[in-house]
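**Q** One structure, pasted below without further comment.
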Amino acid sequence: MSKAFETVSPALLLLKLEAYGMTKNSFHLLRSYFFNRKNRTRIGNSWESSEKENKRPINATKSESRKRGNEHDLSSGVGSIAGPSNSKAPRNTLWNHTGEGRQEEGIIKREQIVHLRETITEEDFLRYKELSGATSEMDVEENEGERLTEWDDYTSVMFDTETTGLDTSNDDIIQLACASENGDNLHSRYMFPRGSIDLGATRVHGISKAFIDGSRVLVKDGRPLADVASQKDGLREFIAFLKMHQSQSPKRLCLVAHYGDSFDFRLLINCLKRHNLMNEFISTGSVLLDSVKVVRASKKQEKSPFDSSFKKESLSALHGHLFGVPIDRPHDAQADACALSKVLMKIPKNMSTSVTINNFMKQMKHSQEVKNRKFTLWGLPVSLFMIEKIAKSGMDFNKMRSVYKEGGERGLLTLLALPPQYSQLNVKGSKPRVTETIRIINEIVSFFHMAAMSDKNSAT
């Protein structure tokens with residue numbers, strides 16, 4: 001069984017397990033068994049050689065030998081976690097496709113990066129880049145949009161939602177409310193969801209479904225809610241309210257939500273798309289502003305009501321700090337929107353970043369693409385931070401594999417350690433597309449080398 005297991009690609013196995021719904025903690029525990037674990041094989045008094053130690057000293061004790069035996073990398077699928085491989089895996093040499101810059105076998109050194117900067121042709125650079133799908137400018141900047149130089153240049157509407165759950169792609173809005181800048185309630189509507197309401201969500205906002213007199217109704221804290229709209233009708237009312245509010249002022253409308261960038265705006269846009277109302281929403285000409293950015297910017301100003309020791313950013317914590325009392329009816333969209341207005345009246349609001357609806361949609365698309373690429377990279381023997389960095393650069397597992405097949409170590413090193421544009425190669429201080437850390441580069445290159453070896457063995 002151990003020999004059969006050695007033919008399995010850890011990356012593909014982990015992808016399948018995640019797709020089958022393995023929990024996050026279990027997934028990372030299993031992943032830790034595949035990567036950054038090493039062992040060596042002893043036959044008699046001879047030890048399998050490694051990069052750090054070529055053989056066991058003649059006078060080494062058995063306990064010392066055991067301590068030194070944890071040397072052979074298992075992350076490639078060659079050698080199983082049940083036991084060591086019986087033979088030393090062949091090592092690749094730099095550069096294995098061109099013969100340029102050949103160094104000590106299997107180990108990439110910093111000199112190779114310098115050599116590659118000096119010798120790679122523009123044709124090869126662009127070829128590897130095209131194969132990988134890597135981008136030159138990290139797609140969409142998170143803060144792309146407009147700059148609110150003066151808060152008074154906009155008519156601001158505070159916005160909050162209560163929802164069926166935390167999935168911004170699939171959950172529904174069940175309460176949507178807006179408040180004016182001075183804290184007056186402007187609009188509030190309950191909406192009947194398409195599906196069930198998560199129990200965890202009900203525990204927060206108290207809203208659930210129930211059968212009363214043979215009909216399915218929406219209840220809050222056990223009491224039936226009257227005049228509940230459908231999803232589409234409720235969203236249409238919201239858009240009509242924004243247009244009416246906009247018509248009453250010559251200023252452009254700014255929709256403000258706390259943690260809007262990560263939750264409320266994403267959820268709202270996906271709900272509007274689901275009911276074919278996105279164009280109507282865009283026609284309001286609104287810009288979107290996450291009030292968390294306003295709070296963070298205010299902390300850097302002299303007249304900020306927050307001292308350097310105050311780190312909390314939740315709406316309830318901010319309200320309690322500024323007014324000394326909790327929010328009345330917390331986790332009610334109407335009460336939270338009014339509370340947000342009160343909080344923002346108390347803090348300086350200059351130079352906060354807003355974004356147009358269209359640009360926010362671009363950011364959402366970019367975030368989903370990064371998420372999809374990350375999903376394919378879970379098998380790499382690097383940190384989750386590095387996986388995210390690779391995904392944000394535009395690369396996924398299959399594209400990196402294609403680059404290794406075409407250009408070997410040289411191709412991967414071009415994409416990982418060189419700047420994103422060919423014109424930056426000779427610019428002092430230019431940053432790599434992903435990383436110049438030799439240890440990380442070696443782990444990635446070794447992984448793809450062993451994956452290629454496994455493919456070759458399977459083919460034969």
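Ligands are numbered from 1 in the order shown, chains are lettered A, B, ... in the order of the structure tokens, and residues start at 1 in each chain.
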Can you tell me, as a ChimeraX atom specification, what residues are no more than 7 Å from range 261-269 of chain A when counting only C-alpha atoms, ignoring any on the same chain fewer than 4 positions away?
**A** /A:161,168-169,257,273,290
**Q** Go ahead and write the selection's residues with N, CA and C atoms as a PDB file, in the first residue's frame.
**A**
ATOM      1  N   THR A 161     -27.539  45.895   6.628  1.00  0.00           N
ATOM      2  CA  THR A 161     -28.368  44.748   6.263  1.00  0.00           C
ATOM      3  C   THR A 161     -28.369  43.715   7.384  1.00  0.00           C
ATOM      4  N   THR A 168     -21.684  35.832   1.061  1.00  0.00           N
ATOM      5  CA  THR A 168     -22.070  36.993   0.251  1.00  0.00           C
ATOM      6  C   THR A 168     -22.457  36.610  -1.172  1.00  0.00           C
ATOM      7  N   SER A 169     -22.096  35.412  -1.610  1.00  0.00           N
ATOM      8  CA  SER A 169     -22.430  34.992  -2.973  1.00  0.00           C
ATOM      9  C   SER A 169     -23.834  34.404  -3.079  1.00  0.00           C
ATOM     10  N   ALA A 257     -21.364  51.885   4.415  1.00  0.00           N
ATOM     11  CA  ALA A 257     -21.670  50.711   5.233  1.00  0.00           C
ATOM     12  C   ALA A 257     -20.433  50.308   6.027  1.00  0.00           C
ATOM     13  N   LYS A 273     -27.724  41.381  -8.820  1.00  0.00           N
ATOM     14  CA  LYS A 273     -27.437  40.611 -10.038  1.00  0.00           C
ATOM     15  C   LYS A 273     -28.435  39.460 -10.183  1.00  0.00           C
ATOM     16  N   ASP A 290     -16.649  52.236   2.579  1.00  0.00           N
ATOM     17  CA  ASP A 290     -16.595  51.415   3.786  1.00  0.00           C
ATOM     18  C   ASP A 290     -16.213  52.326   4.952  1.00  0.00           C
TER      19      ASP A 290
END
**Q** Mind checking DSSP for range 129-293 of chain A and telling me the helix (DSSP H, G or I) residues as a ChimeraX atom specification?
**A** /A:129-132,151-153,199-205,231-247,260-274,278-282,291-293
**Q** Please produce an output containing C-alpha atoms for each residue in the selection, written as a PDB file, in the first residue's frame.
**A**
ATOM      1  CA  LYS A 129       4.797  35.088 -18.533  1.00  0.00           C
ATOM      2  CA  GLU A 130       2.216  34.199 -21.177  1.00  0.00           C
ATOM      3  CA  LEU A 131       2.291  30.518 -20.184  1.00  0.00           C
ATOM      4  CA  SER A 132       1.757  31.381 -16.507  1.00  0.00           C
ATOM      5  CA  TRP A 151     -17.166  64.831   3.114  1.00  0.00           C
ATOM      6  CA  ASP A 152     -19.584  67.692   2.398  1.00  0.00           C
ATOM      7  CA  ASP A 153     -19.126  67.213  -1.369  1.00  0.00           C
ATOM      8  CA  LEU A 199     -29.470  29.211  12.919  1.00  0.00           C
ATOM      9  CA  GLY A 200     -26.345  31.225  13.749  1.00  0.00           C
ATOM     10  CA  ALA A 201     -27.766  34.237  11.913  1.00  0.00           C
ATOM     11  CA  THR A 202     -31.075  33.935  13.761  1.00  0.00           C
ATOM     12  CA  ARG A 203     -29.220  33.923  17.072  1.00  0.00           C
ATOM     13  CA  VAL A 204     -27.670  37.263  16.096  1.00  0.00           C
ATOM     14  CA  HIS A 205     -30.635  39.199  14.670  1.00  0.00           C
ATOM     15  CA  GLN A 231     -36.585  39.915  -2.586  1.00  0.00           C
ATOM     16  CA  LYS A 232     -37.034  41.624  -5.943  1.00  0.00           C
ATOM     17  CA  ASP A 233     -39.673  44.090  -4.737  1.00  0.00           C
ATOM     18  CA  GLY A 234     -37.618  45.009  -1.681  1.00  0.00           C
ATOM     19  CA  LEU A 235     -34.517  45.693  -3.794  1.00  0.00           C
ATOM     20  CA  ARG A 236     -36.567  47.761  -6.270  1.00  0.00           C
ATOM     21  CA  GLU A 237     -37.889  49.869  -3.385  1.00  0.00           C
ATOM     22  CA  PHE A 238     -34.315  50.428  -2.202  1.00  0.00           C
ATOM     23  CA  ILE A 239     -33.184  51.634  -5.646  1.00  0.00           C
ATOM     24  CA  ALA A 240     -36.260  53.899  -5.928  1.00  0.00           C
ATOM     25  CA  PHE A 241     -35.404  55.370  -2.528  1.00  0.00           C
ATOM     26  CA  LEU A 242     -31.796  56.094  -3.629  1.00  0.00           C
ATOM     27  CA  LYS A 243     -33.002  57.827  -6.794  1.00  0.00           C
ATOM     28  CA  MET A 244     -35.500  59.913  -4.864  1.00  0.00           C
ATOM     29  CA  HIS A 245     -32.876  60.893  -2.280  1.00  0.00           C
ATOM     30  CA  GLN A 246     -30.418  61.768  -5.053  1.00  0.00           C
ATOM     31  CA  SER A 247     -32.991  63.976  -6.804  1.00  0.00           C
ATOM     32  CA  GLY A 260     -19.131  47.242   3.437  1.00  0.00           C
ATOM     33  CA  ASP A 261     -16.146  46.263   1.281  1.00  0.00           C
ATOM     34  CA  SER A 262     -15.947  42.773   2.748  1.00  0.00           C
ATOM     35  CA  PHE A 263     -19.648  42.083   3.326  1.00  0.00           C
ATOM     36  CA  ASP A 264     -22.622  44.443   2.755  1.00  0.00           C
ATOM     37  CA  PHE A 265     -21.653  45.793  -0.682  1.00  0.00           C
ATOM     38  CA  ARG A 266     -20.713  42.340  -1.969  1.00  0.00           C
ATOM     39  CA  LEU A 267     -23.949  40.826  -0.714  1.00  0.00           C
ATOM     40  CA  LEU A 268     -26.051  43.686  -2.117  1.00  0.00           C
ATOM     41  CA  ILE A 269     -24.437  43.486  -5.557  1.00  0.00           C
ATOM     42  CA  ASN A 270     -24.872  39.708  -5.775  1.00  0.00           C
ATOM     43  CA  CYS A 271     -28.538  40.010  -4.742  1.00  0.00           C
ATOM     44  CA  LEU A 272     -29.107  42.734  -7.347  1.00  0.00           C
ATOM     45  CA  LYS A 273     -27.437  40.611 -10.038  1.00  0.00           C
ATOM     46  CA  ARG A 274     -29.607  37.645  -9.082  1.00  0.00           C
ATOM     47  CA  MET A 278     -27.733  45.778 -11.377  1.00  0.00           C
ATOM     48  CA  ASN A 279     -28.100  48.307 -14.197  1.00  0.00           C
ATOM     49  CA  GLU A 280     -30.785  50.170 -12.263  1.00  0.00           C
ATOM     50  CA  PHE A 281     -28.492  50.358  -9.244  1.00  0.00           C
ATOM     51  CA  ILE A 282     -25.584  51.661 -11.348  1.00  0.00           C
ATOM     52  CA  SER A 291     -16.817  53.369   7.064  1.00  0.00           C
ATOM     53  CA  VAL A 292     -14.026  51.231   8.554  1.00  0.00           C
ATOM     54  CA  LYS A 293     -11.671  53.155   6.257  1.00  0.00           C
TER      55      LYS A 293
END
**Q** So what do you get for CA of Ala337 in chain A versus CA of Leu289 in chain A, distance-wise?
**A**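 A separation of 13.7 Å between them.
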**Q** Have a look at A:Leu322, A:Ile120, A:Val295, A:Met450 and name the one nearest to Arg401 in chain A; count only C-alpha atoms.
**A**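 For Arg401 in chain A, the nearest of the given residues is A:Met450.
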**Q** As a count of residues only, please: every residue in range 210-268 of chain A that a backbone DSSP assignment puts in strand (DSSP E).
**A** 17
**Q** Between CA of Ser249 in chain A and CA of Ile347 in chain A, what distance in Å does the model show, to one decimal?
**A**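 Separation between CA of Ser249 in chain A and CA of Ile347 in chain A: 23.5 Å.
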**Q** Need to verify the contact set: Met395 in chain A, 7 Å, only C-alpha atoms, exclusion of same-chain residues closer than 5 positions in sequence. Can you return it as a ChimeraX atom specification?
**A** /A:132-134,373,390,400
